[in-house]
>>> print(open('work-v1.tsv').read())   # TSV, C-alpha atoms
chain	number	residue	atom	x	y	z
A	261	MET	CA	3.68	21.00	6.41
A	262	SER	CA	6.18	22.92	8.52
A	263	ASP	CA	9.98	22.75	8.51
A	264	GLY	CA	9.81	20.01	5.89
A	265	VAL	CA	7.70	17.76	8.13
A	266	ARG	CA	4.32	16.41	7.04
A	267	HIS	CA	2.22	15.99	10.15
A	268	PRO	CA	-0.28	13.11	10.48
A	269	ALA	CA	-3.62	13.70	8.80
A	270	VAL	CA	-5.53	10.66	10.08
A	271	ALA	CA	-3.91	9.68	13.39
A	272	GLY	CA	-6.65	9.14	15.93
A	273	ARG	CA	-9.12	8.27	13.17
A	274	PHE	CA	-7.73	5.59	10.84
A	275	TYR	CA	-5.30	4.36	13.48
A	276	PRO	CA	-4.57	5.17	17.14
A	277	GLY	CA	-3.07	8.56	17.90
A	278	ASP	CA	-1.36	7.27	21.05
A	279	ALA	CA	2.10	5.82	20.34
A	280	ASP	CA	1.88	2.99	22.87
A	281	ILE	CA	-1.56	1.85	21.70
A	282	LEU	CA	-0.50	2.15	18.05
A	283	SER	CA	2.64	0.12	18.63
A	284	ARG	CA	0.69	-2.57	20.46
A	285	ASP	CA	-1.94	-2.76	17.74
A	286	VAL	CA	0.56	-2.96	14.87
A	287	LYS	CA	2.48	-5.74	16.62
A	288	SER	CA	-0.76	-7.68	17.08
A	289	TYR	CA	-1.68	-7.31	13.40
A	290	VAL	CA	1.61	-8.72	12.13
A	291	LEU	CA	1.27	-11.95	14.07
A	292	PRO	CA	0.70	-14.96	11.78
A	293	ASP	CA	-2.86	-16.09	11.17
A	294	LYS	CA	-4.25	-13.00	12.89
A	295	SER	CA	-7.96	-12.77	12.14
A	296	PRO	CA	-10.78	-10.80	13.74
A	297	ASP	CA	-11.84	-13.76	15.85
A	298	ILE	CA	-8.36	-14.45	17.23
A	299	PRO	CA	-7.45	-12.14	20.16
A	300	ALA	CA	-3.91	-10.81	19.94
A	301	ASP	CA	-2.89	-12.48	23.19
A	302	GLN	CA	-4.04	-15.86	21.85
A	303	ALA	CA	-2.36	-15.69	18.44
A	304	ALA	CA	0.66	-17.90	17.98
A	305	VAL	CA	4.05	-16.23	17.93
A	306	ARG	CA	5.68	-16.40	14.50
A	307	PRO	CA	8.34	-19.14	14.56
A	308	ALA	CA	11.84	-17.69	14.61
A	309	ASN	CA	12.91	-19.94	11.73
A	310	GLN	CA	9.99	-19.04	9.45
A	311	GLN	CA	11.48	-17.62	6.29
A	312	LYS	CA	10.19	-14.23	5.23
A	313	ILE	CA	9.67	-13.11	1.65
A	314	SER	CA	12.01	-10.63	-0.04
A	315	ALA	CA	9.39	-9.08	-2.28
A	316	LEU	CA	9.81	-6.66	-5.15
A	317	GLY	CA	6.34	-5.27	-4.48
A	318	CYS	CA	3.10	-5.75	-2.61
A	319	VAL	CA	-0.52	-4.63	-2.43
A	320	VAL	CA	-1.83	-3.60	0.99
A	321	PRO	CA	-5.12	-2.00	2.08
A	322	HIS	CA	-5.42	1.46	3.60
A	323	ALA	CA	-8.72	1.53	5.47
A	324	GLY	CA	-9.03	2.15	9.18
A	325	TYR	CA	-6.94	-0.37	11.09
A	326	MET	CA	-9.96	-1.86	12.84
A	327	TYR	CA	-11.22	-3.02	9.43
A	328	SER	CA	-8.10	-3.77	7.38
A	329	GLY	CA	-5.17	-3.69	9.79
A	330	TYR	CA	-5.00	-7.46	10.08
A	331	VAL	CA	-4.86	-7.83	6.27
A	332	ALA	CA	-2.07	-5.25	5.97
A	333	GLY	CA	-0.33	-6.83	8.95
A	334	ALA	CA	-0.43	-10.27	7.35
A	335	VAL	CA	1.47	-8.86	4.37
A	336	TYR	CA	4.02	-6.85	6.30
A	337	GLY	CA	4.55	-9.67	8.79
A	338	ALA	CA	5.43	-12.04	5.94
A	339	LEU	CA	7.96	-9.68	4.36
A	340	ASN	CA	11.65	-9.12	4.75
A	341	ILE	CA	11.25	-5.34	4.52
A	342	PRO	CA	14.23	-3.50	3.01
A	343	LYS	CA	15.56	-0.16	4.19
A	344	HIS	CA	14.20	1.60	1.11
A	345	VAL	CA	10.52	1.63	0.18
A	346	LEU	CA	8.55	3.39	-2.55
A	347	ILE	CA	4.87	3.84	-1.64
A	348	LEU	CA	2.29	4.48	-4.34
A	349	GLY	CA	-1.19	5.55	-3.35
A	350	PRO	CA	-4.33	6.91	-5.01
A	351	ASN	CA	-5.24	10.55	-4.70
A	352	HIS	CA	-8.64	10.38	-2.98
A	353	THR	CA	-8.89	14.13	-2.45
A	354	GLY	CA	-8.23	15.36	-5.99
A	355	ALA	CA	-5.83	17.96	-4.62
A	356	GLY	CA	-2.58	18.88	-6.27
A	357	HIS	CA	-0.53	17.38	-9.07
A	358	PRO	CA	-1.82	14.20	-10.78
A	359	LEU	CA	1.54	12.47	-10.17
A	360	ALA	CA	2.68	14.06	-6.93
A	361	ILE	CA	5.98	13.21	-5.28
A	362	MET	CA	7.73	14.62	-2.22
A	363	SER	CA	11.51	14.55	-2.35
A	364	GLU	CA	12.54	16.27	0.88
A	365	GLY	CA	11.75	16.13	4.58
A	366	ALA	CA	9.92	13.58	6.70
A	367	TRP	CA	6.45	12.29	7.51
A	368	GLU	CA	5.50	12.20	11.15
A	369	THR	CA	3.35	9.56	12.85
A	370	PRO	CA	2.81	8.91	16.57
A	371	LEU	CA	5.78	6.51	16.31
A	372	GLY	CA	8.17	9.24	15.13
A	373	ALA	CA	9.46	10.65	11.86
A	374	ALA	CA	9.87	8.57	8.71
A	375	GLN	CA	12.49	10.14	6.45
A	376	ILE	CA	12.00	10.65	2.73
A	377	ASP	CA	14.66	9.05	0.52
A	378	SER	CA	15.73	12.27	-1.16
A	379	ALA	CA	18.33	10.72	-3.47
A	380	LEU	CA	15.86	8.21	-4.91
A	381	ALA	CA	13.08	10.79	-5.19
A	382	GLN	CA	15.32	13.30	-6.96
A	383	GLU	CA	16.42	10.66	-9.43
A	384	LEU	CA	12.79	9.83	-10.22
A	385	LEU	CA	11.98	13.51	-10.72
A	386	LYS	CA	14.92	13.81	-13.09
A	387	ARG	CA	13.93	10.73	-15.07
A	388	PHE	CA	10.16	11.20	-15.37
A	389	ALA	CA	9.01	14.66	-16.40
A	390	LEU	CA	5.34	14.02	-15.57
A	391	LEU	CA	6.14	13.67	-11.87
A	392	GLY	CA	5.59	16.89	-9.93
A	393	GLU	CA	6.98	17.99	-6.58
A	394	ASP	CA	3.81	18.70	-4.62
A	395	ALA	CA	3.27	18.46	-0.87
A	396	GLU	CA	-0.33	19.69	-1.12
A	397	ALA	CA	-1.51	16.50	-2.84
A	398	HIS	CA	-0.21	14.55	0.17
A	399	ARG	CA	-1.28	16.86	2.99
A	400	THR	CA	-4.66	15.26	3.84
A	401	GLU	CA	-4.34	11.99	1.87
A	402	HIS	CA	-4.43	8.85	4.05
A	403	ALA	CA	-3.46	6.00	1.70
A	404	ILE	CA	0.31	6.35	2.17
A	405	GLU	CA	0.26	7.59	5.75
A	406	VAL	CA	-1.43	4.48	7.15
A	407	GLN	CA	1.39	2.27	5.81
A	408	LEU	CA	4.08	4.04	7.79
A	409	PRO	CA	3.46	2.66	11.32
A	410	PHE	CA	3.83	-0.89	9.99
A	411	LEU	CA	7.13	-0.02	8.32
A	412	GLN	CA	8.35	1.95	11.35
A	413	THR	CA	7.63	-1.02	13.59
A	414	LEU	CA	9.15	-3.73	11.41
A	415	GLN	CA	12.03	-1.83	9.81
A	416	PRO	CA	13.11	1.06	12.08
A	417	GLY	CA	15.22	3.59	10.22
A	418	PHE	CA	13.72	2.85	6.80
A	419	ASN	CA	13.27	5.68	4.34
A	420	PHE	CA	10.70	6.04	1.60
A	421	VAL	CA	9.43	7.91	-1.43
A	422	PRO	CA	5.71	8.85	-1.50
A	423	ILE	CA	3.87	9.21	-4.81
A	424	THR	CA	0.13	9.85	-5.13
A	425	ILE	CA	-1.47	8.96	-8.45
A	426	GLY	CA	-4.44	10.88	-9.76
A	427	THR	CA	-4.44	9.89	-13.43
A	428	SER	CA	-5.91	6.77	-15.02
A	429	GLN	CA	-4.12	7.05	-18.37
A	430	LEU	CA	-2.66	3.60	-18.98
A	431	GLU	CA	0.14	4.92	-21.16
A	432	VAL	CA	1.29	7.27	-18.41
A	433	LEU	CA	1.02	4.60	-15.72
A	434	THR	CA	2.98	2.13	-17.83
A	435	ALA	CA	5.68	4.69	-18.57
A	436	LEU	CA	6.00	5.55	-14.89
A	437	GLY	CA	6.30	1.87	-13.97
A	438	LEU	CA	9.07	1.32	-16.50
A	439	VAL	CA	11.00	4.33	-15.21
A	440	LEU	CA	10.61	3.13	-11.62
A	441	ALA	CA	12.02	-0.24	-12.64
A	442	ASP	CA	14.98	1.31	-14.41
A	443	VAL	CA	15.85	3.61	-11.52
A	444	ILE	CA	15.36	0.90	-8.88
A	445	SER	CA	17.52	-1.55	-10.84
A	446	LYS	CA	20.43	0.88	-10.52
A	447	GLN	CA	20.12	1.39	-6.75
A	448	PRO	CA	22.88	-0.05	-4.55
A	449	GLU	CA	20.32	-1.54	-2.13
A	450	PRO	CA	16.91	-3.19	-2.64
A	451	VAL	CA	13.81	-1.02	-2.99
A	452	MET	CA	10.34	-2.49	-2.42
A	453	ILE	CA	7.28	-0.95	-4.10
A	454	VAL	CA	4.12	-0.79	-1.99
A	455	SER	CA	0.79	-0.23	-3.74
A	456	SER	CA	-1.75	1.09	-1.26
A	457	SER	CA	-5.23	0.02	-2.32
A	458	ASP	CA	-8.58	-1.15	-1.07
A	459	MET	CA	-10.69	-3.31	-3.37
A	460	ASN	CA	-14.37	-3.09	-4.36
A	461	HIS	CA	-16.49	-0.55	-2.44
A	462	TYR	CA	-20.03	-0.44	-1.08
A	463	GLU	CA	-21.72	-3.41	-2.69
A	464	ASN	CA	-22.88	-6.51	-0.85
A	465	ASP	CA	-20.41	-9.10	0.37
A	466	PRO	CA	-21.03	-11.85	-2.23
A	467	ILE	CA	-20.81	-9.43	-5.17
A	468	THR	CA	-17.70	-7.77	-3.74
A	469	ARG	CA	-15.93	-11.10	-3.33
A	470	ILE	CA	-16.75	-12.12	-6.92
A	471	LYS	CA	-15.59	-8.81	-8.34
A	472	ASP	CA	-12.46	-8.68	-6.21
A	473	GLN	CA	-11.43	-12.17	-7.27
A	474	LYS	CA	-11.42	-11.03	-10.90
A	475	ALA	CA	-9.03	-8.20	-10.02
A	476	ILE	CA	-6.93	-10.42	-7.76
A	477	ASP	CA	-6.57	-13.00	-10.54
A	478	ARG	CA	-5.03	-10.35	-12.81
A	479	ILE	CA	-2.64	-9.21	-10.08
A	480	LEU	CA	-1.56	-12.79	-9.38
A	481	ALA	CA	-0.92	-13.18	-13.12
A	482	LEU	CA	1.27	-10.02	-13.00
A	483	ASP	CA	-0.98	-8.60	-15.71
A	484	ALA	CA	-1.02	-4.81	-15.30
A	485	LYS	CA	-3.00	-4.07	-18.45
A	486	GLY	CA	-5.40	-6.93	-17.74
A	487	LEU	CA	-6.04	-5.53	-14.25
A	488	SER	CA	-6.87	-2.12	-15.69
A	489	GLU	CA	-9.21	-3.67	-18.25
A	490	ALA	CA	-10.92	-5.98	-15.74
A	491	VAL	CA	-11.57	-3.19	-13.26
A	492	ARG	CA	-13.25	-1.11	-15.93
A	493	ALA	CA	-15.14	-3.93	-17.66
A	494	GLU	CA	-16.46	-5.41	-14.40
A	495	HIS	CA	-17.09	-2.04	-12.70
A	496	ILE	CA	-14.80	-2.89	-9.78
A	497	SER	CA	-14.36	0.17	-7.58
A	498	MET	CA	-10.77	-0.63	-6.60
A	499	CYS	CA	-9.44	2.77	-5.53
A	500	GLY	CA	-5.77	1.88	-5.95
A	501	VAL	CA	-5.94	0.24	-9.35
A	502	GLU	CA	-3.62	2.87	-10.86
A	503	PRO	CA	-0.89	2.48	-8.20
A	504	THR	CA	-1.19	-1.29	-8.62
A	505	VAL	CA	-0.82	-1.03	-12.40
A	506	VAL	CA	2.34	1.02	-11.89
A	507	MET	CA	3.70	-1.43	-9.31
A	508	LEU	CA	3.00	-4.47	-11.49
A	509	THR	CA	4.60	-2.83	-14.52
A	510	ALA	CA	7.71	-2.02	-12.51
A	511	VAL	CA	8.17	-5.36	-10.77
A	512	LYS	CA	7.54	-7.33	-13.96
A	513	LYS	CA	10.35	-5.35	-15.61
A	514	LEU	CA	12.51	-6.02	-12.54
A	515	GLY	CA	12.06	-9.76	-13.03
A	516	ALA	CA	9.08	-10.67	-10.83
A	517	GLU	CA	7.91	-14.21	-11.49
A	518	SER	CA	5.07	-14.84	-9.08
A	519	ALA	CA	2.57	-13.30	-6.70
A	520	GLN	CA	0.79	-14.66	-3.65
A	521	LEU	CA	-2.52	-13.71	-2.04
A	522	VAL	CA	-1.59	-13.54	1.65
A	523	LYS	CA	-5.01	-12.60	3.00
A	524	TYR	CA	-8.39	-11.38	1.78
A	525	ALA	CA	-11.28	-10.01	3.81
A	526	THR	CA	-14.12	-7.53	3.67
A	527	SER	CA	-15.26	-4.92	6.15
A	528	GLY	CA	-18.26	-7.16	6.81
A	529	ASP	CA	-15.95	-9.61	8.57
A	530	ILE	CA	-15.55	-6.97	11.28
A	531	SER	CA	-18.78	-4.96	11.18
A	532	GLY	CA	-21.15	-7.83	10.48
A	533	ASP	CA	-22.83	-5.68	7.82
A	534	ARG	CA	-22.75	-7.78	4.64
A	535	GLN	CA	-24.92	-5.42	2.56
A	536	ARG	CA	-22.42	-2.61	2.05
A	537	VAL	CA	-18.80	-3.68	2.34
A	538	VAL	CA	-15.28	-2.81	1.21
A	539	GLY	CA	-12.86	-5.52	0.11
A	540	TYR	CA	-9.26	-5.80	1.27
A	541	ALA	CA	-6.53	-7.87	-0.41
A	542	GLY	CA	-2.99	-8.38	0.80
A	543	ILE	CA	-0.66	-9.60	-1.95
A	544	THR	CA	3.10	-10.05	-2.27
A	545	VAL	CA	5.02	-10.07	-5.57
A	546	GLN	CA	8.43	-11.66	-5.84
>>> encode(input="work-v1.tsv", output="structure tokens")
Amino acid sequence: MSDGVRHPAVAGRFYPGDADILSRDVKSYVLPDKSPDIPADQAAVRPANQQKISALGCVVPHAGYMYSGYVAGAVYGALNIPKHVLILGPNHTGAGHPLAIMSEGAWETPLGAAQIDSALAQELLKRFALLGEDAEAHRTEHAIEVQLPFLQTLQPGFNFVPITIGTSQLEVLTALGLVLADVISKQPEPVMIVSSSDMNHYENDPITRIKDQKAIDRILALDAKGLSEAVRAEHISMCGVEPTVVMLTAVKKLGAESAQLVKYATSGDISGDRQRVVGYAGITVQ
């Protein structure tokens, strides 16, 4: 961090560090029906009259783009993205505050600077005492950063609030979700909540798909508590279960009625290694 700007931590690793290549890749991922076996130049252009979804929330993966970019792109390409976005991600590093927010400045990617929505962030800090202002928790964390190029491409000029979640206490997660809903309901413009999460990790492909379906079923049922219970009971190593619990709690309070699985895949679909995979689910909630 310098001068209020968070510099990219994973550009050139999780996604291209060159702006032109990154822009080209993101645009290819958001094409409809984009799958690993469909070259970008052969994918059909999205019809101009195809209606996009105005979602209250979504679940998108955060692995390297070569593995999960086309799943994330399928979600973002289907959405009518508002100007204001709240992005929840897990704290993989363990650094910093367990509920870490940044309320000032900007995050930089090769595509430019994405501004933090200071007014929304400050209101959340005021309303939820367990949130802590902490840039250190975000400094090397990738889960939120990798979402930004998609948003920068599809909704230039958007602003956002980043929150990393490093606690699994259901009571705390539920309380945070309810506060998010209350604050968002009072905003003059729509705010979409993005939960950044991969699914089951490092088991074989058949087992991962079975386990992930159990978690996906709970998300599609808008069942935050049920998702938390299923992940623990079935030993599903979904790294963003806590952000997803918060998102589901918030959008349910905001009146969400349904969810849709846009795309599911595993890393084996790209690597060909079916013995040790990571699952990726792209889901919209409206």
>>> closest_residue(input="work-v1.tsv", among="A:Leu316, A:Val522, A:Val439, A:Leu348", to="Val505 (chain A)", atoms="all atoms listed in the file")
A:Leu348
>>> atom_distance(input="work-v1.tsv", atom1="CA of Tyr325 (chain A)", atom2="CA of Val286 (chain A)")
8.8 Å
>>> atom_distance(input="work-v1.tsv", atom1="CA of Glu517 (chain A)", atom2="CA of Gly486 (chain A)")
16.4 Å
>>> closest_residue(input="work-v1.tsv", among="A:Arg536, A:His322, A:Arg492, A:Arg284", to="Glu405 (chain A)", atoms="all atoms listed in the file")
A:His322
>>> closest_residue(input="work-v1.tsv", among="A:Leu391, A:Ile496, A:Met459, A:Leu371", to="Asp278 (chain A)", atoms="all atoms listed in the file")
A:Leu371
>>> residues_around(input="work-v1.tsv", residues="Ile361 (chain A)", least_positions_apart="3", cutoff="9 Å", atoms="all atoms listed in the file", output="count of residues only")
14
>>> closest_residue(input="work-v1.tsv", among="A:Asp442, A:Asp263, A:Asp377, A:Asp472", to="Gly542 (chain A)", atoms="only C-alpha atoms")
A:Asp472
>>> residues_around(input="work-v1.tsv", residues="Asp533 (chain A)", least_positions_apart="4", cutoff="9 Å", atoms="only C-alpha atoms", output="NGL selection string")
:A and (464-465 or 527-529 or 537)
>>> residues_around(input="work-v1.tsv", residues="Thr544 (chain A)", least_positions_apart="4", cutoff="9 Å", atoms="only C-alpha atoms", output="PyMOL selection string")
chain A and resi 313+315-320+335+338-339+480+518-522
>>> closest_residue(input="work-v1.tsv", among="A:Asp280, A:Glu502, A:Glu396, A:Glu449", to="Val345 (chain A)", atoms="only C-alpha atoms")
A:Glu449
>>> atom_distance(input="work-v1.tsv", atom1="CA of Met498 (chain A)", atom2="CA of Asn460 (chain A)")
4.9 Å
>>> closest_residue(input="work-v1.tsv", among="A:Lys287, A:Lys446, A:Lys386, A:His352", to="Arg399 (chain A)", atoms="all atoms listed in the file")
A:His352
>>> residues_around(input="work-v1.tsv", residues="Val511 (chain A)", least_positions_apart="6", cutoff="9 Å", atoms="all atoms listed in the file", output="ChimeraX atom specification")
/A:316-317,437-438,440-441,453,482,517,545-546
>>> write_last_selection(input="work-v1.tsv", atoms="C-alpha atoms", output="mmCIF file, in the frame of the given file")
data_model
loop_
_atom_site.group_PDB
_atom_site.id
_atom_site.type_symbol
_atom_site.label_atom_id
_atom_site.label_comp_id
_atom_site.auth_asym_id
_atom_site.auth_seq_id
_atom_site.Cartn_x
_atom_site.Cartn_y
_atom_site.Cartn_z
ATOM 1 C CA LEU A 316 9.810 -6.660 -5.150
ATOM 2 C CA GLY A 317 6.340 -5.270 -4.480
ATOM 3 C CA GLY A 437 6.300 1.870 -13.970
ATOM 4 C CA LEU A 438 9.070 1.320 -16.500
ATOM 5 C CA LEU A 440 10.610 3.130 -11.620
ATOM 6 C CA ALA A 441 12.020 -0.240 -12.640
ATOM 7 C CA ILE A 453 7.280 -0.950 -4.100
ATOM 8 C CA LEU A 482 1.270 -10.020 -13.000
ATOM 9 C CA GLU A 517 7.910 -14.210 -11.490
ATOM 10 C CA VAL A 545 5.020 -10.070 -5.570
ATOM 11 C CA GLN A 546 8.430 -11.660 -5.840
#
>>> residues_near_point(input="work-v1.tsv", point="(14.0, 13.3, 8.7)", cutoff="8 Å", atoms="all atoms listed in the file", output="PyMOL selection string")
chain A and resi 265+365-367+373-376
>>> residues_near_point(input="work-v1.tsv", point="(14.6, -5.9, 8.8)", cutoff="7 Å", atoms="all atoms listed in the file", output="short mmCIF file (atom, residue, chain, number, x, y, z; two decimals) with C-alpha atoms, in the frame of the given file")
data_model
loop_
_atom_site.label_atom_id
_atom_site.label_comp_id
_atom_site.auth_asym_id
_atom_site.auth_seq_id
_atom_site.Cartn_x
_atom_site.Cartn_y
_atom_site.Cartn_z
CA ASN A 340 11.65 -9.12 4.75
CA ILE A 341 11.25 -5.34 4.52
CA PRO A 342 14.23 -3.50 3.01
CA LEU A 414 9.15 -3.73 11.41
CA GLN A 415 12.03 -1.83 9.81
#
